[in-house]
Amino acid sequence: MAITFNGYRRKNGDIGVRNYVAVIPISVAASSITSKIAQQAGPWARATPHQMGTSQPSQSREQTVRVLTGIGRNPNVGAALVIELGTEDIDADALADDIATAKKPVDTVTIREEGGALETVETGIKTAESLNESISNCRRERADISELIFGVECGGSDATSGIAANPAVGNGCDRLVSGGGTACFSETPEFIGAEHILANRTVNDDVREKLLDRVDTREQMAEIMGVDLRGAQPTPGNQEGGLTTIEEKSLGAISKGGTTPVQDIIDYGEQLPRGGGLVLMDTPGYDVESVVGKVAGGAQVIAFTTGRGSTTGNPIAPVIKVTGNPKTWSSMSNNMDINASTVIQGDSLESVGERVFQTLVDVADGERTEAERRRLEEFAINEIQPVEHKLRGA
Amino acid sequence: MKGRVLQESALKMTPDDNVATVLDDIGEGFELDLDDRSIQFVEDISFGHKVALRAIDQGEMIYKYDEIIGQATQAIAPGEWVHTHNCESTRGRGDLTPEAVDEGDQK
């Protein structure tokens, strides 16, 4: 029997699990005003404030544009409002046009033309309200789980992550992939030491080479800087939680993607395919930026495993928190959605994986996660580091 | 769960691993039965941390999940805590490139 959920059908055929007006600043200079607009407009408006978008080198700027466009095009976004100061290198109208190719209403407001912050907030709220009116008649309709793109992430890992939470989420990914959907995990530095396992699961030699090349680049960054990963990877918190080396962390981390073949590895914020199986995304090892990359890629729902306890969410995609640490489950219960620590007491990975999958379907169907209830909506865009420019031959 | 739980106290992921993950805060002196022998914890080991299941020489690889997770920087006795003080990564070691080592020598 086909497994379904009820989502918002977009004009381009995408299916959203939330129905938001995204309020997107093209730069840090418009971010604060953007947050005010969304806060004052209502819970249907979601701001994506960030630190990028002014005087960035071309590759970084292109990445910012790719992420912001992807956020606007995410199926959970019914309509988008783009805010600019008016002095940025990024062209707000061009960005709005790119979002609009996903056949959704988009508008732009320029702070300088409005006559300042107060006027912009006022105009912004009115514009957002009118965009919301245009999508508020959108009703949920039945959709197949093969239309879901599920992003999985880990943050604040400890030894339980690799034993319980990650393989349980991986089992959830396997279930979605076997149902025809897409699962994605990222954070390339956390493939180091486990890349041979992923490489052996790639669908062809091109993907294999690309994957190994991306891991090599991340490892070389440390080498070029004449430093080692110890101290940063695993983080001091990971180490306190029992993880000794990056290899040990990686071997646990990759299990959150499940066991199916690796179909591709794509760039940060690049569009993820629908019905694409397991696809990796090449991102840095910072969880909030990494989640944003996948949401920009079109992920409608995120699962985030955390042994030590992280509270982060996302403004556009619901984030399901999964912990394998029994202490974290009891001490941070109002930030956690799934208790995977039962694995340690003998519960099977299959039964916890089933719970993960059922929660994914329920959340897609409209059930709110703990991070959503608390309006935890972290948002950050990765900036390409100078050493990365060098390695990429820029 | 993958792996095998030993006396509800430690998890050995695969048979050939030379470390196990401790599933509770375990005190010094605890006896852990393995198939052919037993080991005694020589120090307290916290939840989530690793215990050596057999003697490990300096330079020997540490195995968990049947994969290399690092290398012993000193000899490790059975029942000893295995962590950053006696096991280190072999990957992403920019500090070990010839240039970095030369620079270190000059300091």
# chains A, B, ... in the order shown; residues from 1 in each chain; ligands from 1
call {"tool": "residues_around", "arguments": {"residues": "Ile3 (chain A)", "least_positions_apart": "2", "cutoff": "10 Å", "atoms": "only C-alpha atoms", "output": "list in words"}}
result
Met1, Phe5, Arg142, Ala143, Asp144, Ile145, Ser146, Leu176, Gly179, Gln358 and Val361 of chain A
call {"tool": "closest_atom_pairs", "arguments": {"of": "chain A", "to": "chain B", "cutoff": "9 Å", "atoms": "only C-alpha atoms", "output": "Markdown table"}}
result
| residue | atom | partner | partner_atom | distance |
| --- | --- | --- | --- | --- |
| A:Asp158 | CA | B:Gly48 | CA | 7.2 |
| A:Ala159 | CA | B:Gly48 | CA | 4.9 |
| A:Thr160 | CA | B:Gly48 | CA | 6.6 |
| A:Ile163 | CA | B:Met1 | CA | 7.1 |
| A:Ala164 | CA | B:Met1 | CA | 6.9 |
| A:Pro167 | CA | B:Met1 | CA | 8.6 |
| A:Ile192 | CA | B:Arg91 | CA | 7.2 |
| A:Gly193 | CA | B:Arg91 | CA | 7.0 |
| A:Ala194 | CA | B:Glu67 | CA | 8.4 |
| A:Arg218 | CA | B:Gly92 | CA | 8.4 |
| A:Glu219 | CA | B:Gly92 | CA | 5.0 |
| A:Gln220 | CA | B:Gly92 | CA | 7.1 |
| A:Met221 | CA | B:Gly94 | CA | 8.3 |
| A:Ala222 | CA | B:Gly94 | CA | 5.2 |
| A:Glu223 | CA | B:Gly94 | CA | 3.5 |
| A:Ile224 | CA | B:Gly94 | CA | 6.7 |
| A:Met225 | CA | B:Gly94 | CA | 6.8 |
| A:Gly226 | CA | B:Gly94 | CA | 4.5 |
| A:Val227 | CA | B:Gly94 | CA | 4.4 |
| A:Asp228 | CA | B:Arg93 | CA | 4.3 |
| A:Leu229 | CA | B:Gly92 | CA | 5.6 |
| A:Arg230 | CA | B:Ser89 | CA | 7.4 |
| A:Gln239 | CA | B:Thr84 | CA | 7.9 |
| A:Glu240 | CA | B:His49 | CA | 8.5 |
| A:Gly241 | CA | B:Gly48 | CA | 6.2 |
| A:Gly242 | CA | B:His49 | CA | 4.2 |
| A:Leu243 | CA | B:His49 | CA | 7.2 |
| A:Thr244 | CA | B:His83 | CA | 5.3 |
| A:Thr245 | CA | B:Ser89 | CA | 5.1 |
| A:Ile246 | CA | B:Ser89 | CA | 6.6 |
| A:Glu247 | CA | B:Ile69 | CA | 4.9 |
| A:Glu248 | CA | B:Ile69 | CA | 4.9 |
| A:Lys249 | CA | B:Ile69 | CA | 8.5 |
| A:Leu251 | CA | B:Tyr65 | CA | 7.7 |
| A:Gly252 | CA | B:Tyr65 | CA | 8.8 |
| A:Val343 | CA | B:Met1 | CA | 5.7 |
| A:Ile344 | CA | B:Met1 | CA | 6.8 |
| A:Gln345 | CA | B:Glu8 | CA | 8.4 |
| A:Gly346 | CA | B:Met1 | CA | 6.7 |
| A:Asp347 | CA | B:Met1 | CA | 7.1 |
| A:Ser348 | CA | B:Met1 | CA | 5.7 |
| A:Leu349 | CA | B:Met1 | CA | 5.6 |
| A:Glu350 | CA | B:Met1 | CA | 8.9 |
call {"tool": "residues_around", "arguments": {"residues": "His196 (chain A)", "least_positions_apart": "5", "cutoff": "12 Å", "atoms": "only C-alpha atoms", "output": "ChimeraX atom specification"}}
result
/A:191,201-202,208-209,211-213,215-216,247,250-251,254 /B:67-68
call {"tool": "write_last_selection", "arguments": {"atoms": "C-alpha atoms", "output": "PDB file, in the first residue's frame"}}
result
ATOM      1  CA  PHE A 191      33.265  11.525   5.639  1.00  0.00           C
ATOM      2  CA  ARG A 201      28.388   2.256  -2.486  1.00  0.00           C
ATOM      3  CA  THR A 202      28.492   4.771  -5.345  1.00  0.00           C
ATOM      4  CA  ARG A 208      33.047   7.567  -6.848  1.00  0.00           C
ATOM      5  CA  GLU A 209      35.817   9.855  -8.161  1.00  0.00           C
ATOM      6  CA  LEU A 211      33.135  11.836  -3.860  1.00  0.00           C
ATOM      7  CA  LEU A 212      36.771  10.942  -3.141  1.00  0.00           C
ATOM      8  CA  ASP A 213      37.898  14.210  -4.708  1.00  0.00           C
ATOM      9  CA  VAL A 215      36.797  14.454   0.656  1.00  0.00           C
ATOM     10  CA  ASP A 216      40.397  14.952  -0.435  1.00  0.00           C
ATOM     11  CA  GLU A 247      37.551   8.618  11.746  1.00  0.00           C
ATOM     12  CA  SER A 250      32.744   9.844  10.518  1.00  0.00           C
ATOM     13  CA  LEU A 251      32.088   6.106  10.778  1.00  0.00           C
ATOM     14  CA  ILE A 254      27.660   8.203   7.680  1.00  0.00           C
TER      15      ILE A 254
ATOM     16  CA  GLU B  67      37.420  -0.032  10.801  1.00  0.00           C
ATOM     17  CA  ILE B  68      40.494   1.958  11.825  1.00  0.00           C
TER      18      ILE B  68
END
call {"tool": "residues_around", "arguments": {"residues": "Glu367 (chain A)", "least_positions_apart": "6", "cutoff": "12 Å", "atoms": "only C-alpha atoms", "output": "JSON, numbers by chain"}}
result
{"A": [5, 6, 7, 17, 18, 301, 318, 319, 320, 337, 358, 359, 360, 361, 373]}
call {"tool": "closest_residue", "arguments": {"among": "B:Ala20, B:Gln58, B:Ala77, B:Gln7", "to": "Val42 (chain B)", "atoms": "only C-alpha atoms"}}
result
B:Ala77
